[in-house]
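Participant: Below is one structure. I have some questions about it.
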Amino acid sequence: MEKKSEINGHAVPSMASTGRIVEQSARRSCLGKLTEFLRKNMLVIMTVSGVLVGVGLGMMVRGMNLTKAQMTYFAFPGEMLLRMLKMIILPLVVCSLVSGAASLDTRSLGKLGGIAVAYFLVTTLIPGVGAGSLSLGLESLSSDKETTDSFLDLARNLFPSNLVAAAFRSVPIGTETDGMNILGLVLFAMVFGVALRKLGDEGEELIRFFNAFNEATMVLVSWIMWYIPFGIMFLVGSKIVEMEDVVLLVTSLGKYIFASILGHVIHGGIVLPLIYFGFTRKNPFSFLSGLITPFTTAFATCSSSATLPSMIKCVEENNGVDKRISRFILPIGATVNMDGAAIFQCIAAIFIAQLNNFELNAGQIFTILVTATASSVGAAGIPAGGIITIAIILEAIGLPTNDLSLMLAVDWIVDRTTTVVNVEGDALGAGILHHINQQEMKKKQEQQQQQAELAEVRVEAVANVQAEEETSPLVTHQTKASAAMSEAIESVL
């Protein structure tokens with residue numbers, strides 16, 4: 001029997017039982033914290049686990065010598081994930097941009113758009129590092145596209161002749177090919193949103209329609225995100241099974257692969273966080289820690305467009321970015337902000353120049369930067385979307401395009417870090433614009449408060465003057481004297 005002391009006739013637990021109670025409460029507290037952490041980060045844990053399990057599964061299946069049909073069956077769950085993500089891109093981009101542009105006034109829209117364009121241009125123009133000089137005997141790939149054609153195609157894509165066709169066709173060299181012309185859809189959605197806002201009350205119904213459509217699309221995105229870990233597992237596993245001779249590629253093009261990944265690490269791990277810190281004075285890595293799921297999706301899918309749904313959801317829910325900012329900037333960034341692609345294209349051009357013992361002068365390096373920026377803007381946000389645009393750069397500086405097959409051989413490796421840097425630049429840009437918007441709102445609120453305080457002071461001053469006029473003894477005395485005088489005059493009359 002446990003002894004209990006008594007105070008005022010009431011039993012009190014001993015010190016040992018009190019210690020056990022405290023220990024049990026501490027365990028419950030730790031268990032509650034662990035449960036809360038798992039509940040909040042379950043999707044992130046499952047997504048990262050899906051990548052790791054996919055690597056292991058791919059290595060196991062790799063030794064089974066599957067036929068093409070069997071490999072297709074094995075990759076089917078990953079293919080379904082890509083189809084789901086691509087299915088949601090069109091309604092998400094159009095509705096989010098229309099509702100975002102309609103929710104912002106024209107002045108703030110122009111200012112935010114100008115800051116976004118400046119941010120995208122600066123981060124995309126920052127050059128990458130050089131590459132080593134190595135060769136690998138593979139088949140050649142040629143392209144007859146001129147530099148001027150890339151700029152003309154950029155203008156053609158901005159103004160599609162048919163919006164319905166733009167949903168599944170783009171314009172290279174004056175002809176139409178399969179692939180969503182998301183650049184033209186982005187421009188149309190922005191202008192259409194501004195036009196709806198200009199209509200006033202007449203456009204409110206349509207704005208509410210797009211807002212509701214956008215919210216319903218985000219619900220679909222939340223459902224798809226729970227399939228991402230399962231789909232990524234088979235997507236990564238199938239890529240590992242499809243690899244032919246990894247050792248040969250890494251030993252032959254190891255310096256190029258290392259230079260590309262190093263350029264992405266420097267840009268994504270140092271340059272972009274420093275830009276974010278310079279604008280916001282906040283820890284950029286705490287901001288990026290809430291975006292592990294979209295980064296993992298970008299690494300697995302190699303598509304910035306396919307990563308857009310999860311990026312919008314995580315930026316809003318985990319980092320608290322204003323919906324009007326995220327749903328306006330992120331679709332634009334997924335289309336025109338290709339930091340990783342620009343670095344990859346510059347490194348590829350320098351690598352091919354060194355491969356052919358071709359020395360680049362300052363003018364040619366500047367041409368590479370400008371052409372890489374322009375071609376990366378027009379590049380599709382899909383796997384290997386920027387590999388063909390390297391031909392534009394090579395033609396611009398007079399280099400042969402025969403060695404482009406080298407890029408294709410290792411594109412599946414480099415394209416993953418390229419996409420991660422692309423989406424990181426978009427996310428940090430949204431964070432910077434959200435911070436700038438908050439600062440401006442605070443300034444406006446302070447100005448309004450100051451004006452309200454001044455108005456209150458003026459009202460009080462007027463009220464005090466009136467009160468003094470009504471209650472002054474001199475005024476009262478004069479009033480009484482004038483009243484007595486008038487009464488005396490009336491009595492005399």
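For the structure tokens, the naming scheme is as follows: chains receive sequential letters (A, B, ...) according to their order of presentation, residues are indexed from 1 within each chain, and ligands are indexed from 1 in presentation order.
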Write out as number ranges by chain the residues lying within 12 Å of Val420 in chain A, counting only C-alpha atoms and excluding same-chain residues fewer than 5 positions away.
Facilitator: A: 261, 264-265, 267-269, 288, 291-308, 311, 334, 338-341, 381, 414-415, 425-427
Participant: Show me, as number ranges by chain, the residues that have an atom within 9 Å of Ile365 in chain A when counting only C-alpha atoms, minus same-chain residues fewer than 5 positions from it.
Facilitator: A: 346, 350, 360, 370, 397
Participant: Please provide the set of residues having any atom within 9 Å of Phe279 in chain A, restricted to only C-alpha atoms, with same-chain residues fewer than 6 positions apart removed, written as JSON, numbers by chain.
Facilitator: {"A": [432, 435, 436]}
Participant: Rounded to one decimal in Å, what is the spacing between CA of Ser96 in chain A and CA of Arg327 in chain A?
Facilitator: 5.0 Å
Participant: Between CA of Ile413 in chain A and CA of Met71 in chain A, what is the spacing in Å?
Facilitator: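 These atoms are spaced 19.7 Å apart.
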Participant: Go ahead and compute the interatomic distance for CA of Leu272 in chain A and CA of Leu428 in chain A, in Å to one decimal.
Facilitator: 7.5 Å
Participant: Of the candidates A:Leu185, A:Ile88, A:Ala349, A:Cys95, which one gets nearest to Asn211 in chain A if we count only C-alpha atoms?
Facilitator: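 So, comparing all the options, the nearest one is A:Cys95.
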Participant: Just want the 10 Å neighbourhood of Pro77 in chain A, counted on only C-alpha atoms, with same-chain residues fewer than 4 positions away dropped. Output as a list in words.
Facilitator: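 That gives Thr72, Tyr73, Leu81, Leu82, Arg83, Tyr227, Ile228, Phe230, Gly231, Ile232, Met233, Phe234, Leu235 and Ser238 of chain A.
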Participant: Using N, CA and C atoms, can you write the selected residues to a file as a PDB file, in the first residue's frame?
Facilitator:
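out.pdb, freshly written:
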ATOM      1  N   THR A  72       7.062  -0.778 -69.404  1.00  0.00           N
ATOM      2  CA  THR A  72       5.911   0.122 -69.522  1.00  0.00           C
ATOM      3  C   THR A  72       4.931  -0.092 -68.372  1.00  0.00           C
ATOM      4  N   TYR A  73       4.699  -1.359 -68.028  1.00  0.00           N
ATOM      5  CA  TYR A  73       3.807  -1.659 -66.903  1.00  0.00           C
ATOM      6  C   TYR A  73       4.390  -1.129 -65.594  1.00  0.00           C
ATOM      7  N   LEU A  81       0.844   9.841 -62.609  1.00  0.00           N
ATOM      8  CA  LEU A  81       1.117  11.054 -61.849  1.00  0.00           C
ATOM      9  C   LEU A  81       1.388  12.232 -62.787  1.00  0.00           C
ATOM     10  N   LEU A  82       2.207  12.025 -63.795  1.00  0.00           N
ATOM     11  CA  LEU A  82       2.487  13.095 -64.749  1.00  0.00           C
ATOM     12  C   LEU A  82       1.225  13.535 -65.472  1.00  0.00           C
ATOM     13  N   ARG A  83       0.368  12.585 -65.829  1.00  0.00           N
ATOM     14  CA  ARG A  83      -0.880  12.926 -66.515  1.00  0.00           C
ATOM     15  C   ARG A  83      -1.793  13.746 -65.611  1.00  0.00           C
ATOM     16  N   TYR A 227      -1.327  11.412 -53.938  1.00  0.00           N
ATOM     17  CA  TYR A 227      -0.876  10.347 -54.841  1.00  0.00           C
ATOM     18  C   TYR A 227       0.590  10.528 -55.237  1.00  0.00           C
ATOM     19  N   ILE A 228       1.126  11.732 -54.993  1.00  0.00           N
ATOM     20  CA  ILE A 228       2.492  12.037 -55.422  1.00  0.00           C
ATOM     21  C   ILE A 228       3.527  11.060 -54.870  1.00  0.00           C
ATOM     22  N   PHE A 230       3.355   7.894 -54.047  1.00  0.00           N
ATOM     23  CA  PHE A 230       3.252   6.604 -54.748  1.00  0.00           C
ATOM     24  C   PHE A 230       3.705   6.740 -56.201  1.00  0.00           C
ATOM     25  N   GLY A 231       3.275   7.791 -56.875  1.00  0.00           N
ATOM     26  CA  GLY A 231       3.662   7.980 -58.268  1.00  0.00           C
ATOM     27  C   GLY A 231       5.147   8.254 -58.425  1.00  0.00           C
ATOM     28  N   ILE A 232       5.721   9.050 -57.500  1.00  0.00           N
ATOM     29  CA  ILE A 232       7.153   9.360 -57.572  1.00  0.00           C
ATOM     30  C   ILE A 232       7.990   8.105 -57.384  1.00  0.00           C
ATOM     31  N   MET A 233       7.547   7.209 -56.552  1.00  0.00           N
ATOM     32  CA  MET A 233       8.295   5.979 -56.311  1.00  0.00           C
ATOM     33  C   MET A 233       8.513   5.205 -57.616  1.00  0.00           C
ATOM     34  N   PHE A 234       7.461   5.062 -58.411  1.00  0.00           N
ATOM     35  CA  PHE A 234       7.586   4.324 -59.672  1.00  0.00           C
ATOM     36  C   PHE A 234       8.215   5.187 -60.766  1.00  0.00           C
ATOM     37  N   LEU A 235       8.045   6.510 -60.670  1.00  0.00           N
ATOM     38  CA  LEU A 235       8.655   7.386 -61.661  1.00  0.00           C
ATOM     39  C   LEU A 235      10.177   7.341 -61.555  1.00  0.00           C
ATOM     40  N   SER A 238      11.456   3.737 -62.488  1.00  0.00           N
ATOM     41  CA  SER A 238      11.472   3.461 -63.925  1.00  0.00           C
ATOM     42  C   SER A 238      12.630   4.157 -64.622  1.00  0.00           C
TER      43      SER A 238
END
